[in-house]
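S.K.: Sharing target-v5.cif here; it has mmCIF, C-alpha atoms.
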```cif
data_target
loop_
_atom_site.label_atom_id
_atom_site.label_comp_id
_atom_site.auth_asym_id
_atom_site.auth_seq_id
_atom_site.Cartn_x
_atom_site.Cartn_y
_atom_site.Cartn_z
CA MET A 1 -134.88 -66.11 -10.45
CA THR A 2 -131.83 -67.99 -11.69
CA CYS A 3 -132.64 -67.44 -15.35
CA ALA A 4 -132.21 -63.67 -15.09
CA ALA A 5 -128.51 -63.95 -15.87
CA LEU A 6 -129.41 -65.48 -19.23
CA SER A 7 -131.61 -62.58 -20.28
CA THR A 8 -131.16 -59.01 -21.35
CA SER A 9 -133.74 -57.78 -18.87
CA ALA A 10 -136.50 -58.73 -16.47
CA ALA A 11 -139.56 -56.72 -15.52
CA ASP A 12 -142.35 -57.07 -12.98
CA LEU A 13 -146.06 -56.64 -13.69
CA ARG A 14 -149.53 -57.32 -12.30
CA TRP A 15 -152.30 -59.15 -14.16
CA HIS A 16 -155.98 -59.43 -13.22
CA SER A 17 -157.13 -63.02 -12.79
CA ILE A 18 -160.71 -64.26 -13.18
CA VAL A 19 -159.84 -67.30 -11.07
CA THR A 20 -158.56 -65.42 -8.03
CA GLY A 21 -160.69 -62.31 -8.49
CA GLY A 22 -157.62 -60.14 -7.97
CA GLU A 23 -154.20 -59.29 -9.31
CA ILE A 24 -151.40 -61.83 -9.79
CA ALA A 25 -147.74 -60.90 -9.64
CA GLY A 26 -145.75 -61.61 -12.77
CA ALA A 27 -142.18 -61.34 -14.02
CA VAL A 28 -141.07 -61.05 -17.64
CA VAL A 29 -137.73 -62.55 -18.66
CA LEU A 30 -136.32 -61.85 -22.11
CA PRO A 31 -133.89 -63.99 -24.09
CA ALA A 32 -130.47 -62.54 -24.84
CA ALA A 33 -129.77 -60.68 -28.10
CA THR A 34 -133.41 -59.87 -28.84
CA GLY A 35 -133.83 -57.71 -31.95
CA SER A 36 -136.18 -54.76 -31.65
CA ASN A 37 -138.28 -55.93 -34.63
CA GLN A 38 -138.20 -59.61 -33.76
CA ALA A 39 -141.52 -61.23 -32.85
CA LEU A 40 -140.84 -63.38 -29.80
CA ALA A 41 -142.13 -66.88 -29.23
CA THR A 42 -143.64 -66.65 -25.76
CA VAL A 43 -144.30 -68.95 -22.82
CA VAL A 44 -146.61 -68.06 -19.94
CA TYR A 45 -145.42 -70.16 -17.01
CA LEU A 46 -147.92 -70.65 -14.16
CA LYS A 47 -146.33 -71.14 -10.74
CA ASN A 48 -147.71 -72.19 -7.38
CA LEU A 49 -151.01 -73.61 -8.57
CA SER A 50 -153.21 -75.64 -6.25
CA ALA A 51 -153.54 -78.34 -8.88
CA PRO A 52 -151.26 -81.30 -8.11
CA ARG A 53 -147.82 -80.76 -9.61
CA VAL A 54 -147.08 -83.47 -12.19
CA GLY A 55 -143.65 -82.51 -13.52
CA GLN A 56 -141.06 -82.70 -10.75
CA GLU A 57 -138.23 -80.77 -12.40
CA PRO A 58 -137.59 -77.43 -10.63
CA ASP A 59 -139.11 -74.27 -12.09
CA GLU A 60 -135.77 -72.48 -12.22
CA THR A 61 -134.21 -75.11 -14.49
CA ILE A 62 -137.17 -75.20 -16.88
CA ILE A 63 -137.47 -71.40 -17.11
CA ALA A 64 -133.75 -71.02 -17.73
CA ASP A 65 -133.94 -73.49 -20.63
CA LEU A 66 -136.99 -71.78 -22.12
CA VAL A 67 -135.11 -68.49 -22.13
CA LYS A 68 -132.00 -70.12 -23.65
CA GLN A 69 -134.22 -71.48 -26.43
CA GLY A 70 -135.25 -67.92 -27.31
CA HIS A 71 -138.61 -67.60 -25.59
CA LEU A 72 -139.90 -64.58 -23.78
CA VAL A 73 -141.12 -66.06 -20.50
CA LEU A 74 -143.87 -64.53 -18.40
CA VAL A 75 -143.97 -66.14 -14.95
CA LEU A 76 -147.24 -65.74 -13.04
CA ASP A 77 -147.44 -66.70 -9.35
CA TYR A 78 -150.84 -67.99 -8.17
CA GLU A 79 -149.65 -68.33 -4.57
CA ARG A 80 -151.57 -71.60 -4.09
CA HIS A 81 -154.96 -69.94 -4.52
CA PRO A 82 -157.58 -72.66 -3.85
CA ARG A 83 -159.26 -72.11 -7.22
CA ALA A 84 -156.02 -72.51 -9.18
CA ILE A 85 -157.06 -76.02 -10.23
CA ALA A 86 -158.83 -77.72 -13.14
CA PRO A 87 -161.32 -76.86 -14.52
CA ASP A 88 -161.49 -73.42 -12.87
CA MET A 89 -158.18 -72.41 -14.44
CA ASN A 90 -159.64 -72.56 -17.95
CA ALA A 91 -161.17 -69.12 -17.50
CA ASP A 92 -157.73 -67.62 -16.92
CA LEU A 93 -156.17 -69.68 -19.70
CA LEU A 94 -158.53 -68.15 -22.25
CA LYS A 95 -158.15 -64.65 -20.77
CA LEU A 96 -154.36 -64.89 -20.92
CA ARG A 97 -154.39 -65.70 -24.61
CA ARG A 98 -156.91 -62.94 -25.30
CA ASP A 99 -155.01 -60.34 -23.26
CA ILE A 100 -151.75 -61.18 -25.05
CA ALA A 101 -152.81 -62.09 -28.59
CA ASP A 102 -156.12 -60.40 -29.39
CA ALA A 103 -155.17 -57.22 -31.26
CA LYS A 104 -158.44 -55.51 -30.27
CA ASN A 105 -158.23 -56.42 -26.58
CA LYS A 106 -154.51 -56.69 -25.88
CA THR A 107 -153.66 -55.54 -22.34
CA LEU A 108 -150.74 -57.79 -21.38
CA LEU A 109 -147.14 -57.66 -22.65
CA THR A 110 -148.06 -54.60 -24.68
CA ASN A 111 -144.45 -53.38 -24.66
CA PHE A 112 -143.24 -56.47 -26.50
CA LYS A 113 -143.66 -57.80 -30.00
CA ILE A 114 -145.18 -61.23 -29.44
CA ASP A 115 -145.35 -64.05 -31.99
CA VAL A 116 -149.00 -64.91 -31.39
CA ASN A 117 -148.67 -68.12 -33.40
CA HIS A 118 -146.05 -69.40 -30.97
CA LEU A 119 -147.69 -68.59 -27.65
CA PHE A 120 -147.65 -71.43 -25.13
CA ILE A 121 -149.21 -71.56 -21.66
CA LEU A 122 -147.54 -74.08 -19.33
CA PRO A 123 -148.35 -75.10 -15.76
CA GLU A 124 -145.41 -75.47 -13.40
CA GLY A 125 -143.21 -78.46 -14.11
CA PHE A 126 -144.04 -78.53 -17.84
CA ARG A 127 -141.78 -78.08 -20.85
CA VAL A 128 -142.54 -77.56 -24.55
CA LYS A 129 -140.91 -79.49 -27.39
CA ARG A 130 -141.59 -77.64 -30.62
CA ASP A 131 -141.68 -78.63 -34.29
CA VAL A 132 -141.55 -82.41 -33.93
CA GLU A 133 -141.95 -83.74 -37.47
CA PHE A 134 -144.39 -86.60 -38.06
CA ALA A 135 -145.05 -86.60 -41.83
CA ARG A 136 -144.28 -84.91 -45.13
CA ASP A 137 -146.52 -83.89 -48.01
CA GLY A 138 -144.13 -83.01 -50.79
CA ALA A 139 -142.26 -79.93 -49.58
CA ARG A 140 -144.72 -79.45 -46.69
CA VAL A 141 -143.44 -80.67 -43.33
CA LEU A 142 -146.14 -81.69 -40.87
CA ALA A 143 -145.09 -81.26 -37.25
CA MET A 144 -146.40 -80.93 -33.72
CA ASP A 145 -145.71 -79.00 -30.55
CA ILE A 146 -145.65 -81.15 -27.40
CA MET A 147 -146.27 -79.76 -23.91
CA TYR A 148 -145.29 -82.29 -21.27
CA PRO A 149 -144.53 -82.62 -17.56
CA SER A 150 -140.81 -82.97 -17.03
CA LYS A 151 -139.73 -85.88 -14.84
CA PRO A 152 -143.19 -87.00 -13.72
CA ARG A 153 -143.42 -89.47 -10.83
CA GLN A 154 -145.30 -91.83 -13.12
CA PRO A 155 -146.01 -91.88 -16.89
CA VAL A 156 -148.89 -89.70 -18.09
CA PRO A 157 -151.50 -89.90 -20.87
CA VAL A 158 -151.48 -87.48 -23.81
CA LEU A 159 -154.18 -85.34 -25.38
CA MET A 160 -153.48 -84.89 -29.11
CA GLU A 161 -155.38 -82.05 -30.73
CA ILE A 162 -155.73 -81.69 -34.50
CA THR A 163 -155.52 -77.98 -35.12
CA CYS A 164 -158.35 -76.04 -36.75
CA ASP A 165 -155.77 -73.66 -38.31
CA ASN A 166 -154.31 -74.96 -41.57
CA VAL A 167 -151.51 -72.39 -41.63
CA ASN A 168 -150.36 -72.02 -38.00
CA ARG A 169 -151.14 -74.99 -35.77
CA MET A 170 -150.92 -72.79 -32.62
CA GLY A 171 -152.54 -69.80 -34.31
CA SER A 172 -154.01 -67.69 -31.51
CA ALA A 173 -156.70 -66.21 -33.78
CA SER A 174 -158.15 -69.69 -34.33
CA LEU A 175 -157.81 -70.70 -30.68
CA LEU A 176 -159.57 -67.54 -29.54
CA PHE A 177 -162.32 -67.89 -32.15
CA CYS A 178 -163.11 -71.36 -30.79
CA HIS A 179 -162.55 -70.36 -27.12
CA ASP A 180 -160.19 -73.32 -27.17
CA THR A 181 -158.44 -74.16 -23.89
CA LEU A 182 -158.53 -77.93 -24.33
CA LEU A 183 -154.79 -78.53 -24.29
CA GLU A 184 -153.86 -76.01 -21.60
CA GLY A 185 -156.73 -77.17 -19.40
CA GLY A 186 -155.66 -80.75 -19.95
CA GLN A 187 -152.17 -79.93 -18.74
CA VAL A 188 -153.50 -78.41 -15.52
CA ALA A 189 -155.48 -81.63 -15.08
CA GLY A 190 -152.31 -83.72 -15.43
CA PHE A 191 -152.17 -84.64 -19.12
CA ALA A 192 -149.35 -84.10 -21.57
CA ALA A 193 -150.61 -82.34 -24.70
CA ALA A 194 -149.73 -82.07 -28.37
CA MET A 195 -151.03 -79.80 -31.11
CA ILE A 196 -150.49 -81.31 -34.55
CA ASP A 197 -150.62 -79.76 -38.00
CA HIS A 198 -153.87 -80.36 -39.86
CA PRO A 199 -153.40 -83.13 -42.43
CA VAL A 200 -155.14 -81.04 -45.12
CA PRO A 201 -152.84 -78.40 -46.63
CA PRO A 202 -154.06 -74.82 -46.91
CA PRO A 203 -156.44 -73.67 -48.20
CA TYR A 204 -158.90 -76.02 -46.49
CA LYS A 205 -161.47 -77.56 -48.85
CA GLY A 206 -162.86 -80.48 -46.88
CA ILE A 207 -161.98 -83.68 -45.06
CA ASP A 208 -161.71 -85.66 -48.31
CA ASP A 209 -158.89 -83.52 -49.72
CA PRO A 210 -157.03 -85.88 -50.04
CA MET A 211 -157.95 -89.37 -48.86
CA PRO A 212 -156.55 -91.78 -47.69
CA GLN A 213 -153.45 -89.60 -47.21
CA ASN A 214 -155.17 -87.65 -44.42
CA VAL A 215 -155.66 -90.83 -42.43
CA HIS A 216 -152.05 -91.86 -43.04
CA ARG A 217 -150.85 -88.49 -41.66
CA LEU A 218 -153.05 -88.76 -38.59
CA LYS A 219 -151.76 -92.26 -37.91
CA ALA A 220 -148.20 -91.01 -38.35
CA ALA A 221 -148.82 -88.36 -35.69
CA VAL A 222 -150.05 -91.01 -33.26
CA ARG A 223 -147.05 -93.22 -34.00
CA THR A 224 -144.68 -90.30 -33.44
CA LEU A 225 -146.22 -89.57 -30.04
CA ARG A 226 -145.88 -93.21 -29.09
CA ALA A 227 -142.25 -93.21 -30.22
CA LYS A 228 -141.59 -90.15 -28.02
CA GLY A 229 -143.27 -91.79 -25.05
CA ALA A 230 -140.22 -93.27 -23.36
CA GLU A 231 -138.25 -90.04 -23.74
CA LEU A 232 -141.00 -87.72 -22.49
CA GLY A 233 -142.68 -89.88 -19.86
CA PHE A 234 -145.92 -90.97 -21.57
CA ASN A 235 -147.94 -94.06 -20.66
CA GLY A 236 -149.12 -94.98 -24.17
CA GLN A 237 -152.68 -93.67 -23.80
CA ILE A 238 -153.53 -91.00 -26.40
CA GLY A 239 -156.81 -89.11 -26.69
CA ALA A 240 -157.55 -87.38 -30.01
CA ILE A 241 -159.54 -84.13 -29.88
CA GLY A 242 -160.29 -81.15 -32.10
CA PHE A 243 -162.49 -78.12 -32.71
CA SER A 244 -164.11 -77.18 -36.03
CA ARG A 245 -162.12 -78.67 -38.94
CA GLY A 246 -160.02 -80.57 -36.41
CA GLY A 247 -163.08 -82.35 -35.01
CA PRO A 248 -163.84 -84.62 -37.98
CA MET A 249 -160.19 -85.66 -38.05
CA ALA A 250 -160.35 -86.75 -34.42
CA ALA A 251 -163.56 -88.64 -35.24
CA LEU A 252 -161.78 -90.44 -38.08
CA LEU A 253 -159.14 -91.70 -35.68
CA ALA A 254 -161.87 -92.86 -33.32
CA VAL A 255 -163.60 -95.08 -35.89
CA ILE A 256 -160.84 -96.49 -38.10
CA GLY A 257 -159.18 -98.54 -35.36
CA ASP A 258 -156.44 -100.89 -36.55
CA ARG A 259 -157.50 -101.31 -40.17
CA SER A 260 -154.36 -102.48 -41.92
CA ASP A 261 -155.40 -100.91 -45.27
CA LEU A 262 -155.28 -97.45 -43.65
CA GLU A 263 -151.84 -97.78 -42.11
CA PRO A 264 -149.13 -95.51 -43.53
CA ASP A 265 -145.88 -96.84 -44.96
#
```
Show the structure stored in the file as structure tokens.
M.R.:
Amino acid sequence: MTCAALSTSAADLRWHSIVTGGEIAGAVVLPAATGSNQALATVVYLKNLSAPRVGQEPDETIIADLVKQGHLVLVLDYERHPRAIAPDMNADLLKLRRDIADAKNKTLLTNFKIDVNHLFILPEGFRVKRDVEFARDGARVLAMDIMYPSKPRQPVPVLMEITCDNVNRMGSASLLFCHDTLLEGGQVAGFAAAMIDHPVPPPYKGIDDPMPQNVHRLKAAVRTLRAKGAELGFNGQIGAIGFSRGGPMAALLAVIGDRSDLEPD
């Protein structure tokens, strides 16, 4: 693996897959200069799926950049198992997050301190662009994490999820509570994906706290994704989705259309 030279260490492991019914070989690559008490943002990178590869950039280049950016990277090799496709992969996507981030059931990466609020699962050919700002609410910066196929043969649509976690948009506790694999499953199916901050600041009180600012922030997120389209290879089609407190926000976007009185500045 070419990224090994960028890391302090690499280790091999085996992980039991629901999809394959057996063990999958994995390799852990650490970023350089990792402090012993530092919680590591983590990427699980899924290689050799049977799902059609969308991003055409080589794995080695992507993994090397992820490590340079400070991520612990766990590479899992599915060896073209016939069930390593959408939607079958969703079972493993949920199990991976549970095995890494669920304090009561953690069985994977137990020797590492993982930042469970920055845990990303990417199919081969995908990158992650973190903390893309789309709005501000006083001192609060609203941002999104974008998972996208790098150098796709043709532009792709995007699934934009409004988080159900008002504090950590990629909070694993919330994702596990909802059994949420919408974005990761969408990536395996060929979509780019984005998780955006909830427009309501913590603590959550309801969808009308405040209005119409919530709608303005949602619209700003959509505009930001459109603006990133040329850079990241998007085709302009955006689907809004959400669980729990994210669901009503997606519904708002579905019904307000192009009303000029609800457009942000």
S.K.: Report as a list in words the full result of the PyMOL selection byres ((chain A and resi 253-256) around 10) when it is applied to this structure.
M.R.: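 On this input, the PyMOL selection byres ((chain A and resi 253-256) around 10) captures Val215, Leu218, Lys219, Val222, Gly239, Ala240, Ile241, Pro248, Met249, Ala250, Ala251, Leu252, Gly257, Asp258, Arg259, Ser260, Leu262 and Glu263 of chain A.
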S.K.: Save the residues we just selected, C-alpha atoms, as a short mmCIF file (atom, residue, chain, number, x, y, z; two decimals), keeping the file's coordinate frame?
M.R.:
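Here's the written file result_7.cif:
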```cif
data_model
loop_
_atom_site.label_atom_id
_atom_site.label_comp_id
_atom_site.auth_asym_id
_atom_site.auth_seq_id
_atom_site.Cartn_x
_atom_site.Cartn_y
_atom_site.Cartn_z
CA VAL A 215 -155.66 -90.83 -42.43
CA LEU A 218 -153.05 -88.76 -38.59
CA LYS A 219 -151.76 -92.26 -37.91
CA VAL A 222 -150.05 -91.01 -33.26
CA GLY A 239 -156.81 -89.11 -26.69
CA ALA A 240 -157.55 -87.38 -30.01
CA ILE A 241 -159.54 -84.13 -29.88
CA PRO A 248 -163.84 -84.62 -37.98
CA MET A 249 -160.19 -85.66 -38.05
CA ALA A 250 -160.35 -86.75 -34.42
CA ALA A 251 -163.56 -88.64 -35.24
CA LEU A 252 -161.78 -90.44 -38.08
CA GLY A 257 -159.18 -98.54 -35.36
CA ASP A 258 -156.44 -100.89 -36.55
CA ARG A 259 -157.50 -101.31 -40.17
CA SER A 260 -154.36 -102.48 -41.92
CA LEU A 262 -155.28 -97.45 -43.65
CA GLU A 263 -151.84 -97.78 -42.11
#
```
S.K.: What residues come out when you apply the PyMOL selection byres ((chain A and resi 19) around 10) to this file, written as a count of residues only?
M.R.: 19
S.K.: Would you list the contacts of Met144 (chain A) as a list in words, taking every protein, DNA or RNA residue within 7 Å and counting all atoms listed in the file, but skipping same-chain residues closer than 5 positions in sequence?
M.R.: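 Contacts, in chain order: Arg130, Asp131, Val132, Glu133, Ala194, Met195, Ile196 and Asp197 of chain A.
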S.K.: Counting only C-alpha atoms, which residues have an atom no more than 12 Å from (-140.6, -78.4, -28.6) in the file's coordinates? Please list them as a VMD selection string.
M.R.: chain A and resid 41 43 65 to 66 69 to 71 118 120 126 to 133 143 to 148 193 to 196 228 232
S.K.: Residues within 8 Å of region 51-53 of chain A, please, as a ChimeraX atom specification. Count all atoms listed in the file; anything in the same chain fewer than 5 positions from it doesn't count.
M.R.: /A:84-86,124-125,188-190
S.K.: Run through the PyMOL selection byres ((chain A and resi 24) around 6) on the given coordinates and return the selected residues as number ranges by chain.
M.R.: A: 14-15, 23, 25
S.K.: What is the distance, in Å and to one decimal place, between CA of Leu72 (chain A) and CA of Ile162 (chain A)?
M.R.: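 CA of Leu72 (chain A) sits 25.7 Å away from CA of Ile162 (chain A).
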S.K.: Missing atoms in region 233-258 of chain A: can you complete it with N, CA and C atoms, as a PDB file, keeping the file's coordinate frame?
M.R.:
```pdb
ATOM      1  N   GLY A 233    -141.937 -89.434 -21.025  1.00  0.00           N
ATOM      2  CA  GLY A 233    -142.680 -89.880 -19.860  1.00  0.00           C
ATOM      3  C   GLY A 233    -144.152 -90.111 -20.087  1.00  0.00           C
ATOM      4  N   PHE A 234    -144.515 -90.693 -21.253  1.00  0.00           N
ATOM      5  CA  PHE A 234    -145.920 -90.970 -21.570  1.00  0.00           C
ATOM      6  C   PHE A 234    -146.250 -92.431 -21.258  1.00  0.00           C
ATOM      7  N   ASN A 235    -147.537 -92.692 -21.022  1.00  0.00           N
ATOM      8  CA  ASN A 235    -147.940 -94.060 -20.660  1.00  0.00           C
ATOM      9  C   ASN A 235    -148.570 -94.840 -21.805  1.00  0.00           C
ATOM     10  N   GLY A 236    -148.580 -94.269 -23.014  1.00  0.00           N
ATOM     11  CA  GLY A 236    -149.120 -94.980 -24.170  1.00  0.00           C
ATOM     12  C   GLY A 236    -150.572 -94.680 -24.470  1.00  0.00           C
ATOM     13  N   GLN A 237    -151.276 -94.021 -23.562  1.00  0.00           N
ATOM     14  CA  GLN A 237    -152.680 -93.670 -23.800  1.00  0.00           C
ATOM     15  C   GLN A 237    -152.749 -92.305 -24.472  1.00  0.00           C
ATOM     16  N   ILE A 238    -153.443 -92.239 -25.622  1.00  0.00           N
ATOM     17  CA  ILE A 238    -153.530 -91.000 -26.400  1.00  0.00           C
ATOM     18  C   ILE A 238    -154.998 -90.727 -26.706  1.00  0.00           C
ATOM     19  N   GLY A 239    -155.453 -89.544 -26.342  1.00  0.00           N
ATOM     20  CA  GLY A 239    -156.810 -89.110 -26.690  1.00  0.00           C
ATOM     21  C   GLY A 239    -156.753 -88.083 -27.799  1.00  0.00           C
ATOM     22  N   ALA A 240    -157.526 -88.295 -28.871  1.00  0.00           N
ATOM     23  CA  ALA A 240    -157.550 -87.380 -30.010  1.00  0.00           C
ATOM     24  C   ALA A 240    -158.743 -86.442 -29.881  1.00  0.00           C
ATOM     25  N   ILE A 241    -158.495 -85.136 -30.043  1.00  0.00           N
ATOM     26  CA  ILE A 241    -159.540 -84.130 -29.880  1.00  0.00           C
ATOM     27  C   ILE A 241    -159.368 -83.066 -30.956  1.00  0.00           C
ATOM     28  N   GLY A 242    -160.405 -82.236 -31.140  1.00  0.00           N
ATOM     29  CA  GLY A 242    -160.290 -81.150 -32.100  1.00  0.00           C
ATOM     30  C   GLY A 242    -161.558 -80.316 -32.146  1.00  0.00           C
ATOM     31  N   PHE A 243    -161.383 -79.044 -32.455  1.00  0.00           N
ATOM     32  CA  PHE A 243    -162.490 -78.120 -32.710  1.00  0.00           C
ATOM     33  C   PHE A 243    -162.642 -77.930 -34.215  1.00  0.00           C
ATOM     34  N   SER A 244    -163.856 -77.603 -34.653  1.00  0.00           N
ATOM     35  CA  SER A 244    -164.110 -77.180 -36.030  1.00  0.00           C
ATOM     36  C   SER A 244    -163.518 -78.191 -37.005  1.00  0.00           C
ATOM     37  N   ARG A 245    -162.661 -77.755 -37.934  1.00  0.00           N
ATOM     38  CA  ARG A 245    -162.120 -78.670 -38.940  1.00  0.00           C
ATOM     39  C   ARG A 245    -161.178 -79.705 -38.335  1.00  0.00           C
ATOM     40  N   GLY A 246    -160.790 -79.537 -37.084  1.00  0.00           N
ATOM     41  CA  GLY A 246    -160.020 -80.570 -36.410  1.00  0.00           C
ATOM     42  C   GLY A 246    -160.892 -81.675 -35.857  1.00  0.00           C
ATOM     43  N   GLY A 247    -162.174 -81.371 -35.600  1.00  0.00           N
ATOM     44  CA  GLY A 247    -163.080 -82.350 -35.010  1.00  0.00           C
ATOM     45  C   GLY A 247    -163.310 -83.581 -35.853  1.00  0.00           C
ATOM     46  N   PRO A 248    -163.638 -83.425 -37.153  1.00  0.00           N
ATOM     47  CA  PRO A 248    -163.840 -84.620 -37.980  1.00  0.00           C
ATOM     48  C   PRO A 248    -162.598 -85.494 -38.080  1.00  0.00           C
ATOM     49  N   MET A 249    -161.416 -84.870 -37.990  1.00  0.00           N
ATOM     50  CA  MET A 249    -160.190 -85.660 -38.050  1.00  0.00           C
ATOM     51  C   MET A 249    -160.032 -86.524 -36.797  1.00  0.00           C
ATOM     52  N   ALA A 250    -160.382 -85.955 -35.644  1.00  0.00           N
ATOM     53  CA  ALA A 250    -160.350 -86.750 -34.420  1.00  0.00           C
ATOM     54  C   ALA A 250    -161.368 -87.880 -34.495  1.00  0.00           C
ATOM     55  N   ALA A 251    -162.534 -87.606 -35.095  1.00  0.00           N
ATOM     56  CA  ALA A 251    -163.560 -88.640 -35.240  1.00  0.00           C
ATOM     57  C   ALA A 251    -163.079 -89.763 -36.151  1.00  0.00           C
ATOM     58  N   LEU A 252    -162.331 -89.410 -37.195  1.00  0.00           N
ATOM     59  CA  LEU A 252    -161.780 -90.440 -38.080  1.00  0.00           C
ATOM     60  C   LEU A 252    -160.889 -91.396 -37.303  1.00  0.00           C
ATOM     61  N   LEU A 253    -160.024 -90.836 -36.477  1.00  0.00           N
ATOM     62  CA  LEU A 253    -159.140 -91.700 -35.680  1.00  0.00           C
ATOM     63  C   LEU A 253    -159.946 -92.595 -34.750  1.00  0.00           C
ATOM     64  N   ALA A 254    -161.072 -92.095 -34.272  1.00  0.00           N
ATOM     65  CA  ALA A 254    -161.870 -92.860 -33.320  1.00  0.00           C
ATOM     66  C   ALA A 254    -162.523 -94.079 -33.960  1.00  0.00           C
ATOM     67  N   VAL A 255    -162.810 -94.007 -35.267  1.00  0.00           N
ATOM     68  CA  VAL A 255    -163.600 -95.080 -35.890  1.00  0.00           C
ATOM     69  C   VAL A 255    -162.778 -96.030 -36.744  1.00  0.00           C
ATOM     70  N   ILE A 256    -161.565 -95.620 -37.161  1.00  0.00           N
ATOM     71  CA  ILE A 256    -160.840 -96.490 -38.100  1.00  0.00           C
ATOM     72  C   ILE A 256    -160.090 -97.617 -37.398  1.00  0.00           C
ATOM     73  N   GLY A 257    -159.804 -97.445 -36.109  1.00  0.00           N
ATOM     74  CA  GLY A 257    -159.180 -98.540 -35.360  1.00  0.00           C
ATOM     75  C   GLY A 257    -157.869 -98.988 -35.972  1.00  0.00           C
ATOM     76  N   ASP A 258    -157.701-100.307 -36.072  1.00  0.00           N
ATOM     77  CA  ASP A 258    -156.440-100.890 -36.550  1.00  0.00           C
ATOM     78  C   ASP A 258    -156.550-101.434 -37.972  1.00  0.00           C
TER      79      ASP A 258
END
```
